[in-house]
Amino acid sequence: MSSNTASDRTRLWTKDMQKKHFADEAYIDTEINLSSRPAAGNEMKYLQQALDSGNLSALMGGKMTPLFEQNFARMLGCKHAVALNTCMSALHSAVIAAGAGAGSEVICDSVYIFGAMAVLYNNAIPVFIDVDETTHNMDPDRIEAAITERTKAIIVTHAWGLPAEMDRIMAVARKHDLMVIEDCAEAVLARYDGKYTGTWGDIGCFSFQASKQMSLGDGGMATMQDDAFYKAVANFALAPTFLSIAHTLDYNYRINELTAAVGLARLETLEKEIGRLLDNAGHFDQAVEGCDWITLQRGPEKAEHSFYYWAGNFIDTDNGPSLDEFTQALTESEAATLSVGYTKMAAYDHPLIKNRAAQAFTDPRNKDFESLYEAGRCPVAERIVPQIILGYTIAPDDTVKRDAEKLHEVIRKLS
Ligand SMILES: Cc1ncc(COP(=O)(O)O)c(C=O)c1O
């Protein structure tokens, strides 16, 4: 049979794209094959309502989007929520709302590249700071040394679903009058000190991309308490269309009513889904119990993980295997939900930054950034990223259980 059908071409294109973007090809199959979540609640009912209404956009009077926003804001206990098409759109809009353009700097953690990309979208300069070895999150003790007169904001990623130490981060930010943007793409319904991620900082950014805890195929949300930030995000991200007169350079980051309808349904089952992920993380926890060359990603007592991924650190010890031996044994075990090394590099080692492949790097208003990306700048991130162990808790329960047993067996053999 010819392989030249439209669907084959789409599939090939997707595979090629994934290969370009993923550091480890194992992730391609993990996330594509294991992230599937069929309708489990009112998805069809709300989709039907949206279709029957004939209004497929909130711009044209659709009701699903404002309802999705209201319910999301109510769930988190914040004043405003703006539904968007992706989390990157939310991050970009937040950077614009922070007023961080050319000549500005934004402090980012050094494991993730997303916040830094949003900063570069707006021609500002990302300044990476090191993470804590155990939490994989931004180390609050390192923020102050990175602040200059150009700093406008801090972007905090909650790694794998574990909240960063928001009380300490907010204290430094407030002292220096800096805006805080939370990247909650991996941390919906995570809590720190009883308060949800996305409600600690000035703007929270969420992702409903297909692999995330709440999958809508794609989608995003920006949350905020402050009316001025709400207006800023709504204005910059929801550019009007057709008869509009352009006053500012706005973007069209709108979500559509069908996605919002599915979002509305998935909000109703989200808490249950997070409960399932906690249980699945428990299987991986059990699998590594007693192993002295794997440590768990854990935060302070008050940090409640929402487990986009279960994560741990491989530790090079005298009596354990080498990283290569462990990785090879794990690969041979065919435990598809488990992988080692994430992107294998600190955020500033991505080609985007290394090759200065963004306009921000040629803008004369941006100064003194060369030393920000030198090797050794964030030694913890450089050391731990290549040895971070990830377990995809979102996969079907029996797959996670089986893979946890495989991990246990690998550990038993190598210890
Ligand atoms: C931490 C983090 N931030 C941002 C994003 C981007 O999300 P989206 O695909 O919704 O733009 C992701 C998605 O992978 C992510 O994991």
# chains A, B, ... in the order shown; residues from 1 in each chain; ligands from 1
$ residues_near_ligand --ligand "ligand 1" --cutoff "8 Å" --atoms "only C-alpha atoms and all ligand atoms" --output "list in words"
Asn85, Thr86, Cys87, Met88, Ser89, Ala90, Leu91, Tyr112, Ile113, Phe114, Gly115, Thr157, His158, Ala159, Trp160, Asp183, Cys184, Ala185, Glu186, Phe206, Ser207, Phe208, Gln209, Ser211, Lys212, Asp218, Gly219 and Gly220 of chain A
$ select_by_dssp --residues "region 244-411 of chain A" --states "alpha helix (DSSP H)" --output "PyMOL selection string"
chain A and resi 257-288+323-332+351-354+379-384+397-411
$ residues_around --residues "Leu296 (chain A)" --least-positions-apart "6" --cutoff "7 Å" --atoms "only C-alpha atoms" --output "PDB file with N, CA and C atoms, in the first residue's frame"
ATOM      1  N   ALA A 311       9.080  12.356  39.730  1.00  0.00           N
ATOM      2  CA  ALA A 311      10.487  12.623  39.395  1.00  0.00           C
ATOM      3  C   ALA A 311      11.423  12.226  40.532  1.00  0.00           C
ATOM      4  N   GLY A 312      12.617  11.862  40.148  1.00  0.00           N
ATOM      5  CA  GLY A 312      13.657  11.533  41.115  1.00  0.00           C
ATOM      6  C   GLY A 312      15.017  11.891  40.551  1.00  0.00           C
ATOM      7  N   ASN A 313      16.036  11.760  41.396  1.00  0.00           N
ATOM      8  CA  ASN A 313      17.407  12.011  40.938  1.00  0.00           C
ATOM      9  C   ASN A 313      18.199  10.704  40.978  1.00  0.00           C
TER      10      ASN A 313
END
$ closest_residue --among "A:Ala39, A:Leu34, A:Met138, A:Cys78" --to "Thr223 (chain A)" --atoms "only C-alpha atoms"
A:Cys78
$ atom_distance --atom1 "CA of His92 (chain A)" --atom2 "CA of Leu178 (chain A)"
16.8 Å
$ closest_residue --among "A:Leu414, A:Ile294, A:Leu390, A:Ala265" --to "Asn42 (chain A)" --atoms "only C-alpha atoms"
A:Ala265
$ atom_distance --atom1 "CA of Pro321 (chain A)" --atom2 "CA of Ala335 (chain A)"
18.2 Å
$ residues_around --residues "Arg365 (chain A)" --least-positions-apart "2" --cutoff "6 Å" --atoms "only C-alpha atoms" --output "number ranges by chain"
A: 102-103, 363
$ closest_residue --among "A:Val188, A:Met44, A:Leu162, A:Ile353" --to "Ile125 (chain A)" --atoms "only C-alpha atoms"
A:Ile353
$ select_by_dssp --residues "region 19-172 of chain A" --states "strand (DSSP E or B)" --output "PyMOL selection string"
chain A and resi 80-84+105-109+125-129+131+138+151-157
$ write_last_selection --atoms "N, CA and C atoms" --output "mmCIF file, in the first residue's frame"
data_model
loop_
_atom_site.group_PDB
_atom_site.id
_atom_site.type_symbol
_atom_site.label_atom_id
_atom_site.label_comp_id
_atom_site.auth_asym_id
_atom_site.auth_seq_id
_atom_site.Cartn_x
_atom_site.Cartn_y
_atom_site.Cartn_z
ATOM 1 N N HIS A 80 -9.803 36.542 38.601
ATOM 2 C CA HIS A 80 -9.947 36.510 37.135
ATOM 3 C C HIS A 80 -9.256 35.297 36.512
ATOM 4 N N ALA A 81 -9.806 34.849 35.395
ATOM 5 C CA ALA A 81 -9.131 33.849 34.559
ATOM 6 C C ALA A 81 -9.427 34.187 33.102
ATOM 7 N N VAL A 82 -8.398 34.126 32.267
ATOM 8 C CA VAL A 82 -8.570 34.393 30.828
ATOM 9 C C VAL A 82 -8.173 33.130 30.067
ATOM 10 N N ALA A 83 -9.134 32.537 29.373
ATOM 11 C CA ALA A 83 -8.841 31.312 28.613
ATOM 12 C C ALA A 83 -8.147 31.679 27.301
ATOM 13 N N LEU A 84 -7.097 30.934 26.973
ATOM 14 C CA LEU A 84 -6.291 31.215 25.788
ATOM 15 C C LEU A 84 -6.021 29.918 25.030
ATOM 16 N N GLU A 105 15.173 42.701 31.835
ATOM 17 C CA GLU A 105 15.578 41.329 32.157
ATOM 18 C C GLU A 105 14.472 40.656 32.966
ATOM 19 N N VAL A 106 14.359 39.348 32.780
ATOM 20 C CA VAL A 106 13.399 38.569 33.558
ATOM 21 C C VAL A 106 14.133 37.354 34.116
ATOM 22 N N ILE A 107 13.999 37.135 35.408
ATOM 23 C CA ILE A 107 14.690 36.022 36.066
ATOM 24 C C ILE A 107 13.895 34.732 35.862
ATOM 25 N N CYS A 108 14.589 33.677 35.416
ATOM 26 C CA CYS A 108 13.937 32.387 35.130
ATOM 27 C C CYS A 108 14.717 31.271 35.831
ATOM 28 N N ASP A 109 14.044 30.148 36.069
ATOM 29 C CA ASP A 109 14.787 28.990 36.584
ATOM 30 C C ASP A 109 15.587 28.358 35.447
ATOM 31 N N ILE A 125 15.495 39.941 27.964
ATOM 32 C CA ILE A 125 16.604 39.001 28.193
ATOM 33 C C ILE A 125 16.292 38.091 29.387
ATOM 34 N N PRO A 126 16.341 36.761 29.173
ATOM 35 C CA PRO A 126 16.153 35.854 30.312
ATOM 36 C C PRO A 126 17.449 35.705 31.118
ATOM 37 N N VAL A 127 17.316 35.779 32.421
ATOM 38 C CA VAL A 127 18.468 35.624 33.326
ATOM 39 C C VAL A 127 18.212 34.368 34.150
ATOM 40 N N PHE A 128 19.022 33.342 33.909
ATOM 41 C CA PHE A 128 18.746 32.057 34.562
ATOM 42 C C PHE A 128 19.409 31.977 35.928
ATOM 43 N N ILE A 129 18.671 31.430 36.883
ATOM 44 C CA ILE A 129 19.291 31.178 38.189
ATOM 45 C C ILE A 129 19.144 29.698 38.529
ATOM 46 N N VAL A 131 18.713 26.000 40.457
ATOM 47 C CA VAL A 131 17.591 25.340 41.117
ATOM 48 C C VAL A 131 18.095 24.578 42.337
ATOM 49 N N MET A 138 13.297 26.634 41.274
ATOM 50 C CA MET A 138 14.116 27.826 41.501
ATOM 51 C C MET A 138 14.532 27.922 42.971
ATOM 52 N N THR A 151 15.782 44.477 35.876
ATOM 53 C CA THR A 151 14.882 43.341 36.153
ATOM 54 C C THR A 151 13.439 43.806 36.288
ATOM 55 N N LYS A 152 12.544 43.125 35.563
ATOM 56 C CA LYS A 152 11.120 43.498 35.611
ATOM 57 C C LYS A 152 10.269 42.427 36.292
ATOM 58 N N ALA A 153 10.688 41.182 36.176
ATOM 59 C CA ALA A 153 9.817 40.103 36.653
ATOM 60 C C ALA A 153 10.609 38.837 36.935
ATOM 61 N N ILE A 154 9.937 37.918 37.607
ATOM 62 C CA ILE A 154 10.494 36.579 37.858
ATOM 63 C C ILE A 154 9.482 35.577 37.286
ATOM 64 N N ILE A 155 9.967 34.605 36.502
ATOM 65 C CA ILE A 155 9.073 33.536 36.045
ATOM 66 C C ILE A 155 9.455 32.254 36.780
ATOM 67 N N VAL A 156 8.505 31.723 37.512
ATOM 68 C CA VAL A 156 8.750 30.539 38.347
ATOM 69 C C VAL A 156 8.026 29.345 37.742
ATOM 70 N N THR A 157 8.755 28.308 37.378
ATOM 71 C CA THR A 157 8.107 27.071 36.906
ATOM 72 C C THR A 157 7.957 26.118 38.086
#
$ closest_residue --among "A:Ala347, A:Ala164, A:Ala58, A:Leu270" --to "Leu258 (chain A)" --atoms "only C-alpha atoms"
A:Ala58
$ closest_residue --among "A:Tyr192, A:Phe307, A:Tyr348, A:Tyr253" --to "Phe369 (chain A)" --atoms "only C-alpha atoms"
A:Tyr348
$ residues_around --residues "Leu51 (chain A)" --least-positions-apart "5" --cutoff "12 Å" --atoms "only C-alpha atoms" --output "PyMOL selection string"
chain A and resi 44-46+56-57+62-64+256-262
$ atom_distance --atom1 "CA of His283 (chain A)" --atom2 "CA of Gly263 (chain A)"
28.5 Å
$ residues_around --residues "region 226-232 of chain A" --least-positions-apart "6" --cutoff "9 Å" --atoms "only C-alpha atoms" --output "VMD selection string"
chain A and resid 79 to 82 93 to 94 96 to 98 202 to 203
$ closest_residue --among "A:Val111, A:Tyr373, A:Gln297, A:Asn235" --to "Leu352 (chain A)" --atoms "only C-alpha atoms"
A:Tyr373
$ residues_around --residues "Leu323 (chain A)" --least-positions-apart "5" --cutoff "10 Å" --atoms "only C-alpha atoms" --output "ChimeraX atom specification"
/A:314-317,328-329,340-341,386-387
$ decode --residues "region 241-275 of chain A" --atoms "N, CA and C atoms" --output "PDB file, in the first residue's frame"
ATOM      1  N   THR A 241     -11.099  41.575  15.976  1.00  0.00           N
ATOM      2  CA  THR A 241     -10.844  41.184  14.589  1.00  0.00           C
ATOM      3  C   THR A 241     -11.842  41.865  13.656  1.00  0.00           C
ATOM      4  N   PHE A 242     -11.638  41.747  12.368  1.00  0.00           N
ATOM      5  CA  PHE A 242     -12.508  42.264  11.326  1.00  0.00           C
ATOM      6  C   PHE A 242     -12.706  43.777  11.440  1.00  0.00           C
ATOM      7  N   LEU A 243     -13.682  44.263  12.185  1.00  0.00           N
ATOM      8  CA  LEU A 243     -13.971  45.698  12.158  1.00  0.00           C
ATOM      9  C   LEU A 243     -13.096  46.515  13.100  1.00  0.00           C
ATOM     10  N   SER A 244     -12.082  45.851  13.688  1.00  0.00           N
ATOM     11  CA  SER A 244     -11.345  46.537  14.751  1.00  0.00           C
ATOM     12  C   SER A 244     -10.367  47.589  14.213  1.00  0.00           C
ATOM     13  N   ILE A 245     -10.149  48.576  15.030  1.00  0.00           N
ATOM     14  CA  ILE A 245      -9.111  49.575  14.756  1.00  0.00           C
ATOM     15  C   ILE A 245      -7.968  49.270  15.707  1.00  0.00           C
ATOM     16  N   ALA A 246      -6.751  49.142  15.184  1.00  0.00           N
ATOM     17  CA  ALA A 246      -5.628  48.723  16.023  1.00  0.00           C
ATOM     18  C   ALA A 246      -5.012  49.921  16.754  1.00  0.00           C
ATOM     19  N   HIS A 247      -5.029  49.850  18.071  1.00  0.00           N
ATOM     20  CA  HIS A 247      -4.389  50.892  18.879  1.00  0.00           C
ATOM     21  C   HIS A 247      -3.064  50.400  19.456  1.00  0.00           C
ATOM     22  N   THR A 248      -3.028  49.119  19.769  1.00  0.00           N
ATOM     23  CA  THR A 248      -1.805  48.529  20.335  1.00  0.00           C
ATOM     24  C   THR A 248      -1.512  47.247  19.571  1.00  0.00           C
ATOM     25  N   LEU A 249      -0.275  46.733  19.721  1.00  0.00           N
ATOM     26  CA  LEU A 249       0.111  45.508  19.012  1.00  0.00           C
ATOM     27  C   LEU A 249      -0.403  44.307  19.803  1.00  0.00           C
ATOM     28  N   ASP A 250      -1.619  43.911  19.516  1.00  0.00           N
ATOM     29  CA  ASP A 250      -2.236  42.804  20.243  1.00  0.00           C
ATOM     30  C   ASP A 250      -2.039  41.501  19.478  1.00  0.00           C
ATOM     31  N   TYR A 251      -2.255  40.408  20.189  1.00  0.00           N
ATOM     32  CA  TYR A 251      -2.087  39.079  19.597  1.00  0.00           C
ATOM     33  C   TYR A 251      -3.425  38.360  19.618  1.00  0.00           C
ATOM     34  N   ASN A 252      -3.592  37.445  18.698  1.00  0.00           N
ATOM     35  CA  ASN A 252      -4.810  36.643  18.718  1.00  0.00           C
ATOM     36  C   ASN A 252      -4.506  35.293  19.347  1.00  0.00           C
ATOM     37  N   TYR A 253      -4.726  35.195  20.648  1.00  0.00           N
ATOM     38  CA  TYR A 253      -4.451  33.964  21.377  1.00  0.00           C
ATOM     39  C   TYR A 253      -5.747  33.346  21.884  1.00  0.00           C
ATOM     40  N   ARG A 254      -6.843  33.634  21.166  1.00  0.00           N
ATOM     41  CA  ARG A 254      -8.147  33.151  21.640  1.00  0.00           C
ATOM     42  C   ARG A 254      -8.266  31.632  21.637  1.00  0.00           C
ATOM     43  N   ILE A 255      -9.050  31.139  22.597  1.00  0.00           N
ATOM     44  CA  ILE A 255      -9.470  29.738  22.603  1.00  0.00           C
ATOM     45  C   ILE A 255     -10.795  29.709  21.830  1.00  0.00           C
ATOM     46  N   ASN A 256     -11.239  28.530  21.382  1.00  0.00           N
ATOM     47  CA  ASN A 256     -12.556  28.501  20.729  1.00  0.00           C
ATOM     48  C   ASN A 256     -13.569  27.795  21.630  1.00  0.00           C
ATOM     49  N   GLU A 257     -14.824  27.927  21.292  1.00  0.00           N
ATOM     50  CA  GLU A 257     -15.898  27.431  22.157  1.00  0.00           C
ATOM     51  C   GLU A 257     -15.893  25.906  22.332  1.00  0.00           C
ATOM     52  N   LEU A 258     -15.432  25.188  21.304  1.00  0.00           N
ATOM     53  CA  LEU A 258     -15.455  23.723  21.408  1.00  0.00           C
ATOM     54  C   LEU A 258     -14.417  23.257  22.422  1.00  0.00           C
ATOM     55  N   THR A 259     -13.248  23.893  22.381  1.00  0.00           N
ATOM     56  CA  THR A 259     -12.215  23.564  23.369  1.00  0.00           C
ATOM     57  C   THR A 259     -12.681  23.952  24.761  1.00  0.00           C
ATOM     58  N   ALA A 260     -13.292  25.129  24.869  1.00  0.00           N
ATOM     59  CA  ALA A 260     -13.782  25.580  26.174  1.00  0.00           C
ATOM     60  C   ALA A 260     -14.859  24.639  26.708  1.00  0.00           C
ATOM     61  N   ALA A 261     -15.686  24.108  25.805  1.00  0.00           N
ATOM     62  CA  ALA A 261     -16.747  23.179  26.232  1.00  0.00           C
ATOM     63  C   ALA A 261     -16.138  21.915  26.840  1.00  0.00           C
ATOM     64  N   VAL A 262     -15.105  21.406  26.179  1.00  0.00           N
ATOM     65  CA  VAL A 262     -14.431  20.216  26.724  1.00  0.00           C
ATOM     66  C   VAL A 262     -13.743  20.590  28.049  1.00  0.00           C
ATOM     67  N   GLY A 263     -13.187  21.799  28.099  1.00  0.00           N
ATOM     68  CA  GLY A 263     -12.539  22.272  29.330  1.00  0.00           C
ATOM     69  C   GLY A 263     -13.513  22.322  30.496  1.00  0.00           C
ATOM     70  N   LEU A 264     -14.692  22.810  30.210  1.00  0.00           N
ATOM     71  CA  LEU A 264     -15.739  22.906  31.233  1.00  0.00           C
ATOM     72  C   LEU A 264     -16.026  21.525  31.820  1.00  0.00           C
ATOM     73  N   ALA A 265     -16.123  20.538  30.933  1.00  0.00           N
ATOM     74  CA  ALA A 265     -16.396  19.167  31.386  1.00  0.00           C
ATOM     75  C   ALA A 265     -15.209  18.610  32.169  1.00  0.00           C
ATOM     76  N   ARG A 266     -13.995  18.893  31.680  1.00  0.00           N
ATOM     77  CA  ARG A 266     -12.820  18.269  32.308  1.00  0.00           C
ATOM     78  C   ARG A 266     -12.497  18.896  33.664  1.00  0.00           C
ATOM     79  N   LEU A 267     -12.966  20.128  33.862  1.00  0.00           N
ATOM     80  CA  LEU A 267     -12.794  20.743  35.191  1.00  0.00           C
ATOM     81  C   LEU A 267     -13.569  19.945  36.237  1.00  0.00           C
ATOM     82  N   GLU A 268     -14.710  19.401  35.805  1.00  0.00           N
ATOM     83  CA  GLU A 268     -15.573  18.674  36.748  1.00  0.00           C
ATOM     84  C   GLU A 268     -14.927  17.382  37.245  1.00  0.00           C
ATOM     85  N   THR A 269     -14.001  16.833  36.446  1.00  0.00           N
ATOM     86  CA  THR A 269     -13.392  15.559  36.846  1.00  0.00           C
ATOM     87  C   THR A 269     -11.912  15.717  37.211  1.00  0.00           C
ATOM     88  N   LEU A 270     -11.449  16.973  37.230  1.00  0.00           N
ATOM     89  CA  LEU A 270     -10.009  17.200  37.407  1.00  0.00           C
ATOM     90  C   LEU A 270      -9.489  16.718  38.766  1.00  0.00           C
ATOM     91  N   GLU A 271     -10.237  17.003  39.809  1.00  0.00           N
ATOM     92  CA  GLU A 271      -9.757  16.626  41.139  1.00  0.00           C
ATOM     93  C   GLU A 271      -9.569  15.104  41.230  1.00  0.00           C
ATOM     94  N   LYS A 272     -10.530  14.395  40.652  1.00  0.00           N
ATOM     95  CA  LYS A 272     -10.456  12.927  40.655  1.00  0.00           C
ATOM     96  C   LYS A 272      -9.222  12.466  39.865  1.00  0.00           C
ATOM     97  N   GLU A 273      -8.972  13.147  38.736  1.00  0.00           N
ATOM     98  CA  GLU A 273      -7.824  12.786  37.898  1.00  0.00           C
ATOM     99  C   GLU A 273      -6.509  13.020  38.664  1.00  0.00           C
ATOM    100  N   ILE A 274      -6.435  14.125  39.386  1.00  0.00           N
ATOM    101  CA  ILE A 274      -5.206  14.395  40.154  1.00  0.00           C
ATOM    102  C   ILE A 274      -5.034  13.319  41.242  1.00  0.00           C
ATOM    103  N   GLY A 275      -6.156  12.895  41.838  1.00  0.00           N
ATOM    104  CA  GLY A 275      -6.099  11.811  42.829  1.00  0.00           C
ATOM    105  C   GLY A 275      -5.503  10.554  42.216  1.00  0.00           C
TER     106      GLY A 275
END
